[in-house]
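Beneath this line is the structure, given in C-alpha cells, with notes to follow.
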Amino acid sequence: WRDWSSDVCSSDLEILDFPLPDERGIQGQAGARGPVDKWPEVMAQLPGRIGGRGTDESRFAARVAVLISKVIGGDPLTRERAAIRLALLQQMGSLTPKESIEFGHAVWSKRESDAALPQHITLLPHVLLDIPGHDKLDLKRLFRSNVVDSVLSGLVNPDQLREIVAACRMKSDGSRAFELTSDEALRLFDLILGWQPRPVAIDLDRYNAKMTDIFGSVLVEAILPVVDLKSLGQDRIDKLFGRVDAGTLNSGVVALADIVRLERSRKDKSIDLIHRSAFSRERDTVVYGLSAIDRWRVLSKGGSLGKVPQRLRQTAIAIVTGARELWLSTALYLAGESLKDGDLSEGDKQQLVLALDRLRTETAYSSWE
C-alpha cells in the first residue's frame with residue numbers, strides 16, 4: 001500500500017501508468033453508475049498539482065500517446081477515463097503543444113453531429129474551451145448553443161450556471177475563454193432578478209440554496225463585465241439592490257462593488273449592505289459579505305475602483321478579532337490579502353497580530369486537555 005496523498009508522487013507517470021479499465025478487461029459506458037463506476041480513477045482524486053513529466057521523458061511521452069489513442073479508439077468508459085487524465089495534464093501544463101493538439105483532436109473525434117459536443121466523455125463544457133485542437137469560433141458556438149441558450153430558456157439548472165461562470169471567469173493573463181454578448185448578459189440578469197425559490201418546506205436537494213449561491217458569481221464573472229451603465233439601466237440596479245436588501249438574493253451582495261464601478265452614487269448603500277451581510281448570523285450570508293469585500297479589493301487592485309472603504313476593511317478585522325465561527329477562515333484569508341496589498345493601517349495590523357496570537361495560543365496542542 002502506498003499513501004499517494006502524502007507522497008504526492010514524484011512524477012505524473014506513476015499515476016498515468018495506473019491501468020485504464022480496458023487494460024484490465026473492463027468495459028462499460030461512459031458515465032456509468034454501477035459496479036463498473038467503482039473502477040478507481042486516481043488522478044481525478046488527487047488534490048492540487050502533482051509532479052511534472054518526471055525524469056523518464058520517453059516513458060512519459062509513450063504513455064501520453066497511449067492515452068490519446070484510447071480517447072480515439074477506446075470503449076466509452078476507457079475513452080472517458082483517458083480523457084480525464086489528459087485534461088488534468090493539460091491543465092497542469094504537463095503536455096507538449098503537439099500532445100495538447102492531438103488530445104484535442106482525439107476528444108472531438110467522436111460526436112453525433114456538428115451541433116453536438118463530444119460523446120463518451122465527462123469533461124465539462126467549459127473545460128473543452130481550453131483544450132487546443134478544435135476551431136475556437138466553433139467551440140464558442142457550441143458552448144453558446146448547448147449551454148447559454150439552454151440557460152436563457154429558463155433558469156432551472158445550477159450546474160449550467162456554474163459552467164457559464166467557469167467559462168467567463170477572467171484568467172491570470174486577463175483573458176476569458178468565453179464572453180456573453182451584452183444582450184445575453186441583460187437577459188440573464190433579468191432572469192436572475194425574476195427567479196423565485198421553489199415553495200418547499202425543506203430544500204432536500206438544496207436546489208434553492210445552489211441557485212441562490214451561484215447568482216452572485218454569475219453577476220460578477222459573466223454579466224457585469226460586458227454591460228455598461230446605460231444598457232443596464234437604473235431600474236435593474238434598483239431591483240438588484242431591493243432583492244439584496246430584502247434578503248431574497250443574498251449572494252447578489254458580491255456584485256455590489258461592480259455596480260459601484262459602473263455608478264459611484266451607489267457606494268454608500270453598497271457599503272451598508274455589504275457590512276450588514278458580513279455581520280449576519282447566517283453562515284452563507286456572512287461569506288457573501290466577506291466575498292463582496294474581497295471583490296472590492298480585487299477591483300481596487302486592478303485600478304477600476306477606489307480603495308476598499310475603511311468601514312469594510314475594519315469589518316474583516318473585527319470578524320477575525322471576535323469570531324469563533326465557521327467563516328473565520330474566510331475572514332483570515334481576506335485580512336491576509338489586504339495585508340499583502342498594503343491596505344491595512346497600523347491599528348488594523350496591531351489588532352490582527354493580537355487576534356492571531358490569541359488563535360495560536362488557543363489552538364496549540366499544549367492547551368488541549
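For the C-alpha cells, the naming scheme is as follows: chains receive sequential letters (A, B, ...) according to their order of presentation, residues are indexed from 1 within each chain, and ligands are indexed from 1 in presentation order.
Residues in contact with Val287 in chain A at 8 Å, where only C-alpha atoms are counted and same-chain residues fewer than 4 positions away are skipped, are listed as Ala278, Arg283, Ser291, Trp327 and Thr330 of chain A.
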Excluding Ile68 in chain A and any residue of its chain fewer than 6 positions from it, enumerate the residues within 8 Å of it, using only C-alpha atoms, and give them as a short mmCIF file (atom, residue, chain, number, x, y, z; two decimals) with N, CA, C and O atoms, in the first residue's frame.
```cif
data_model
loop_
_atom_site.label_atom_id
_atom_site.label_comp_id
_atom_site.auth_asym_id
_atom_site.auth_seq_id
_atom_site.Cartn_x
_atom_site.Cartn_y
_atom_site.Cartn_z
N ALA A 82 -9.46 8.06 -19.93
CA ALA A 82 -8.24 8.58 -20.56
C ALA A 82 -8.35 10.09 -20.78
O ALA A 82 -7.37 10.82 -20.59
N ALA A 83 -9.54 10.55 -21.15
CA ALA A 83 -9.75 11.99 -21.37
C ALA A 83 -9.60 12.76 -20.06
O ALA A 83 -9.06 13.88 -20.05
N LEU A 86 -5.81 13.11 -19.37
CA LEU A 86 -5.17 14.05 -20.28
C LEU A 86 -5.62 15.49 -20.01
O LEU A 86 -4.82 16.42 -20.12
N GLU A 102 -3.10 17.06 -30.31
CA GLU A 102 -3.52 15.68 -30.61
C GLU A 102 -4.64 15.24 -29.65
O GLU A 102 -5.58 14.56 -30.05
N PHE A 103 -4.50 15.63 -28.39
CA PHE A 103 -5.56 15.33 -27.42
C PHE A 103 -6.86 16.00 -27.84
O PHE A 103 -7.93 15.38 -27.80
N ALA A 106 -8.43 14.18 -30.61
CA ALA A 106 -8.98 12.90 -30.14
C ALA A 106 -10.33 13.11 -29.45
O ALA A 106 -11.28 12.35 -29.65
#
```
Q) Residues at most 12 Å from Arg141 in chain A, counting only C-alpha atoms, excluding those fewer than 5 positions away in the same chain, as a PyMOL selection string? A) chain A and resi 114-117+125+129+134-136+146-149+178-180
How would the residues just chosen look if you wrote them out with all heavy atoms as a tab-separated table (two decimals), in the first residue's frame?
```
chain	number	residue	atom	x	y	z
A	114	ASP	N	-22.45	17.94	-36.04
A	114	ASP	CA	-21.68	19.18	-35.93
A	114	ASP	C	-22.28	20.12	-34.87
A	114	ASP	O	-21.63	21.09	-34.48
A	114	ASP	CB	-21.64	19.91	-37.28
A	114	ASP	CG	-20.75	19.19	-38.28
A	114	ASP	OD1	-19.96	18.33	-37.84
A	114	ASP	OD2	-20.86	19.47	-39.49
A	115	ALA	N	-23.50	19.84	-34.44
A	115	ALA	CA	-24.14	20.69	-33.43
A	115	ALA	C	-23.96	20.15	-32.02
A	115	ALA	O	-24.43	20.76	-31.06
A	115	ALA	CB	-25.63	20.83	-33.73
A	116	ALA	N	-23.28	19.00	-31.90
A	116	ALA	CA	-23.17	18.33	-30.60
A	116	ALA	C	-21.77	18.45	-30.02
A	116	ALA	O	-20.79	18.60	-30.74
A	116	ALA	CB	-23.54	16.86	-30.75
A	117	LEU	N	-21.70	18.35	-28.70
A	117	LEU	CA	-20.43	18.25	-28.01
A	117	LEU	C	-19.91	16.81	-28.11
A	117	LEU	O	-20.66	15.91	-28.47
A	117	LEU	CB	-20.60	18.66	-26.55
A	117	LEU	CG	-21.00	20.12	-26.31
A	117	LEU	CD1	-21.32	20.35	-24.83
A	117	LEU	CD2	-19.92	21.08	-26.78
A	125	PRO	N	-18.32	21.25	-20.28
A	125	PRO	CA	-18.20	22.08	-21.49
A	125	PRO	C	-17.16	23.19	-21.39
A	125	PRO	O	-16.44	23.47	-22.35
A	125	PRO	CB	-19.61	22.65	-21.66
A	125	PRO	CG	-20.49	21.60	-21.07
A	125	PRO	CD	-19.74	21.05	-19.90
A	129	LEU	N	-13.24	24.41	-23.78
A	129	LEU	CA	-12.81	25.69	-24.33
A	129	LEU	C	-11.31	25.90	-24.22
A	129	LEU	O	-10.73	26.67	-24.99
A	129	LEU	CB	-13.54	26.83	-23.62
A	129	LEU	CG	-15.04	26.95	-23.87
A	129	LEU	CD1	-15.66	27.92	-22.87
A	129	LEU	CD2	-15.33	27.40	-25.29
A	134	HIS	N	-9.35	22.21	-31.69
A	134	HIS	CA	-10.65	22.43	-32.36
A	134	HIS	C	-10.81	23.92	-32.59
A	134	HIS	O	-10.34	24.74	-31.80
A	134	HIS	CB	-11.80	21.89	-31.50
A	134	HIS	CG	-13.11	21.82	-32.22
A	134	HIS	ND1	-13.41	20.85	-33.14
A	134	HIS	CD2	-14.21	22.63	-32.18
A	134	HIS	CE1	-14.62	21.05	-33.62
A	134	HIS	NE2	-15.13	22.12	-33.05
A	135	ASP	N	-11.47	24.27	-33.67
A	135	ASP	CA	-11.64	25.68	-34.03
A	135	ASP	C	-12.28	26.46	-32.88
A	135	ASP	O	-13.34	26.08	-32.36
A	135	ASP	CB	-12.53	25.78	-35.28
A	135	ASP	CG	-12.73	27.21	-35.71
A	135	ASP	OD1	-11.79	27.82	-36.25
A	135	ASP	OD2	-13.84	27.73	-35.49
A	136	LYS	N	-11.64	27.55	-32.47
A	136	LYS	CA	-12.11	28.31	-31.31
A	136	LYS	C	-13.47	28.93	-31.53
A	136	LYS	O	-14.31	28.98	-30.62
A	136	LYS	CB	-11.08	29.39	-30.95
A	136	LYS	CG	-9.81	28.83	-30.35
A	136	LYS	CD	-8.89	29.94	-29.85
A	136	LYS	CE	-7.66	29.35	-29.17
A	136	LYS	NZ	-6.76	30.41	-28.65
A	146	ASN	N	-25.26	24.94	-26.64
A	146	ASN	CA	-25.52	23.83	-25.73
A	146	ASN	C	-25.69	24.26	-24.28
A	146	ASN	O	-26.32	23.54	-23.50
A	146	ASN	CB	-24.38	22.81	-25.82
A	146	ASN	CG	-24.44	21.95	-27.07
A	146	ASN	OD1	-25.11	20.92	-27.09
A	146	ASN	ND2	-23.75	22.37	-28.11
A	147	VAL	N	-25.13	25.40	-23.91
A	147	VAL	CA	-25.19	25.83	-22.51
A	147	VAL	C	-25.94	27.14	-22.36
A	147	VAL	O	-26.97	27.21	-21.66
A	147	VAL	CB	-23.77	25.96	-21.91
A	147	VAL	CG1	-23.86	26.43	-20.46
A	147	VAL	CG2	-23.03	24.64	-21.99
A	148	VAL	N	-25.46	28.19	-23.02
A	148	VAL	CA	-26.05	29.52	-22.82
A	148	VAL	C	-27.51	29.55	-23.25
A	148	VAL	O	-28.38	30.05	-22.51
A	148	VAL	CB	-25.24	30.59	-23.57
A	148	VAL	CG1	-25.90	31.97	-23.41
A	148	VAL	CG2	-23.80	30.63	-23.05
A	149	ASP	N	-27.79	29.06	-24.43
A	149	ASP	CA	-29.18	29.09	-24.93
A	149	ASP	C	-30.11	28.31	-24.01
A	149	ASP	O	-31.26	28.70	-23.82
A	149	ASP	CB	-29.25	28.52	-26.35
A	149	ASP	CG	-28.62	29.46	-27.38
A	149	ASP	OD1	-28.29	30.61	-27.02
A	149	ASP	OD2	-28.43	29.04	-28.54
A	178	PHE	N	-14.59	32.66	-22.75
A	178	PHE	CA	-15.89	32.91	-23.38
A	178	PHE	C	-16.48	34.18	-22.80
A	178	PHE	O	-16.24	34.52	-21.64
A	178	PHE	CB	-16.84	31.73	-23.09
A	178	PHE	CG	-18.18	31.83	-23.77
A	178	PHE	CD1	-18.36	31.41	-25.07
A	178	PHE	CD2	-19.28	32.35	-23.08
A	178	PHE	CE1	-19.60	31.51	-25.69
A	178	PHE	CE2	-20.51	32.45	-23.69
A	178	PHE	CZ	-20.66	32.03	-25.00
A	179	GLU	N	-17.23	34.90	-23.61
A	179	GLU	CA	-17.95	36.09	-23.14
A	179	GLU	C	-19.37	36.07	-23.66
A	179	GLU	O	-19.62	35.73	-24.82
A	179	GLU	CB	-17.25	37.37	-23.61
A	179	GLU	CG	-16.00	37.71	-22.86
A	179	GLU	CD	-15.47	39.10	-23.21
A	179	GLU	OE1	-16.06	39.75	-24.11
A	179	GLU	OE2	-14.49	39.54	-22.58
A	180	LEU	N	-20.29	36.43	-22.79
A	180	LEU	CA	-21.66	36.64	-23.23
A	180	LEU	C	-21.73	37.91	-24.06
A	180	LEU	O	-20.92	38.83	-23.90
A	180	LEU	CB	-22.58	36.79	-22.01
A	180	LEU	CG	-22.71	35.61	-21.05
A	180	LEU	CD1	-23.58	36.01	-19.87
A	180	LEU	CD2	-23.26	34.39	-21.73
```
Can you list, as a tab-separated table (two decimals) with N, CA, C and O atoms, in the first residue's frame, all residues belonging to range 316-352 of chain A that DSSP tags as helix (DSSP H, G or I)?
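Result file follows (part_1.tsv):
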```
chain	number	residue	atom	x	y	z
A	316	ALA	N	-13.62	43.11	8.21
A	316	ALA	CA	-12.87	41.85	8.17
A	316	ALA	C	-12.02	41.68	9.42
A	316	ALA	O	-11.96	40.59	10.00
A	317	ILE	N	-11.35	42.74	9.86
A	317	ILE	CA	-10.51	42.67	11.05
A	317	ILE	C	-11.36	42.36	12.28
A	317	ILE	O	-10.98	41.55	13.14
A	318	ALA	N	-12.52	42.99	12.36
A	318	ALA	CA	-13.41	42.77	13.51
A	318	ALA	C	-13.87	41.32	13.59
A	318	ALA	O	-13.97	40.73	14.67
A	319	ILE	N	-14.15	40.71	12.44
A	319	ILE	CA	-14.60	39.32	12.42
A	319	ILE	C	-13.46	38.40	12.85
A	319	ILE	O	-13.66	37.45	13.61
A	320	VAL	N	-12.23	38.69	12.38
A	320	VAL	CA	-11.08	37.90	12.81
A	320	VAL	C	-10.87	38.04	14.31
A	320	VAL	O	-10.59	37.06	15.01
A	321	THR	N	-11.03	39.24	14.81
A	321	THR	CA	-10.78	39.51	16.24
A	321	THR	C	-11.77	38.80	17.14
A	321	THR	O	-11.40	38.28	18.20
A	322	GLY	N	-13.03	38.75	16.73
A	322	GLY	CA	-14.04	38.21	17.62
A	322	GLY	C	-14.68	36.91	17.22
A	322	GLY	O	-15.47	36.34	17.97
A	328	LEU	N	-14.50	31.98	9.94
A	328	LEU	CA	-13.25	32.62	10.37
A	328	LEU	C	-12.17	32.47	9.31
A	328	LEU	O	-11.40	33.41	9.07
A	329	SER	N	-12.09	31.31	8.64
A	329	SER	CA	-11.06	31.09	7.63
A	329	SER	C	-11.20	32.07	6.48
A	329	SER	O	-10.20	32.56	5.93
A	330	THR	N	-12.45	32.39	6.10
A	330	THR	CA	-12.68	33.35	5.02
A	330	THR	C	-12.21	34.74	5.43
A	330	THR	O	-11.58	35.46	4.64
A	331	ALA	N	-12.51	35.12	6.67
A	331	ALA	CA	-12.10	36.43	7.16
A	331	ALA	C	-10.58	36.52	7.27
A	331	ALA	O	-9.97	37.55	6.96
A	332	LEU	N	-9.94	35.42	7.69
A	332	LEU	CA	-8.47	35.40	7.78
A	332	LEU	C	-7.84	35.55	6.40
A	332	LEU	O	-6.84	36.27	6.24
A	333	TYR	N	-8.40	34.86	5.42
A	333	TYR	CA	-7.89	34.99	4.05
A	333	TYR	C	-7.97	36.44	3.58
A	333	TYR	O	-7.01	36.99	3.04
A	334	LEU	N	-9.13	37.06	3.79
A	334	LEU	CA	-9.33	38.44	3.35
A	334	LEU	C	-8.38	39.39	4.07
A	334	LEU	O	-7.78	40.28	3.44
A	335	ALA	N	-8.21	39.19	5.37
A	335	ALA	CA	-7.28	40.04	6.12
A	335	ALA	C	-5.86	39.88	5.61
A	335	ALA	O	-5.11	40.85	5.47
A	336	GLY	N	-5.48	38.63	5.29
A	336	GLY	CA	-4.15	38.37	4.77
A	336	GLY	C	-3.90	39.03	3.42
A	336	GLY	O	-2.83	39.60	3.17
A	337	GLU	N	-4.91	38.95	2.54
A	337	GLU	CA	-4.77	39.58	1.22
A	337	GLU	C	-4.70	41.10	1.35
A	337	GLU	O	-3.93	41.76	0.64
A	338	SER	N	-5.49	41.66	2.25
A	338	SER	CA	-5.46	43.10	2.48
A	338	SER	C	-4.10	43.54	3.01
A	338	SER	O	-3.59	44.61	2.66
A	339	LEU	N	-3.51	42.69	3.86
A	339	LEU	CA	-2.17	42.99	4.39
A	339	LEU	C	-1.14	42.98	3.27
A	339	LEU	O	-0.30	43.89	3.18
A	340	LYS	N	-1.22	41.98	2.38
A	340	LYS	CA	-0.28	41.91	1.26
A	340	LYS	C	-0.43	43.10	0.33
A	340	LYS	O	0.54	43.59	-0.25
A	346	GLU	N	-1.86	50.86	10.64
A	346	GLU	CA	-1.07	50.32	11.74
A	346	GLU	C	-1.97	49.77	12.84
A	346	GLU	O	-1.68	48.74	13.46
A	347	GLY	N	-3.09	50.46	13.07
A	347	GLY	CA	-4.05	49.97	14.07
A	347	GLY	C	-4.65	48.63	13.67
A	347	GLY	O	-4.81	47.73	14.49
A	348	ASP	N	-4.99	48.50	12.36
A	348	ASP	CA	-5.53	47.23	11.85
A	348	ASP	C	-4.51	46.11	12.05
A	348	ASP	O	-4.85	44.99	12.46
A	349	LYS	N	-3.24	46.41	11.75
A	349	LYS	CA	-2.19	45.39	11.87
A	349	LYS	C	-2.03	44.94	13.31
A	349	LYS	O	-1.86	43.74	13.58
A	350	GLN	N	-2.08	45.89	14.24
A	350	GLN	CA	-1.94	45.54	15.65
A	350	GLN	C	-3.08	44.66	16.11
A	350	GLN	O	-2.87	43.67	16.84
A	351	GLN	N	-4.31	44.99	15.69
A	351	GLN	CA	-5.46	44.16	16.05
A	351	GLN	C	-5.32	42.75	15.47
A	351	GLN	O	-5.63	41.76	16.12
A	352	LEU	N	-4.85	42.69	14.22
A	352	LEU	CA	-4.69	41.40	13.56
A	352	LEU	C	-3.63	40.55	14.26
A	352	LEU	O	-3.82	39.34	14.47
```
Q.
When you count only C-alpha atoms, which of these residues is closest to Thr285 in chain A: A:Met92, A:Ala209, A:Leu124, A:Leu232?
A. A:Ala209
Q.
Could you list, as a PyMOL selection string, every residue within 10 Å of range 215-229 of chain A, counting only C-alpha atoms and ignoring same-chain residues fewer than 5 positions away?
A. chain A and resi 158+161-170+176+178-189+192-193+210+234+237+249-259+261-263+288+291-292+295
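When only C-alpha atoms are used to compute distances to Leu20 in chain A, the closest of the residues A:Gln45, A:Arg59, A:Pro309, A:Pro76 turns out to be A:Pro76.
Proximity ranking of A:Glu14, A:Leu152, A:Ile101, A:Gly174 relative to Asp56 in chain A places A:Glu14 first, based on only C-alpha atoms.
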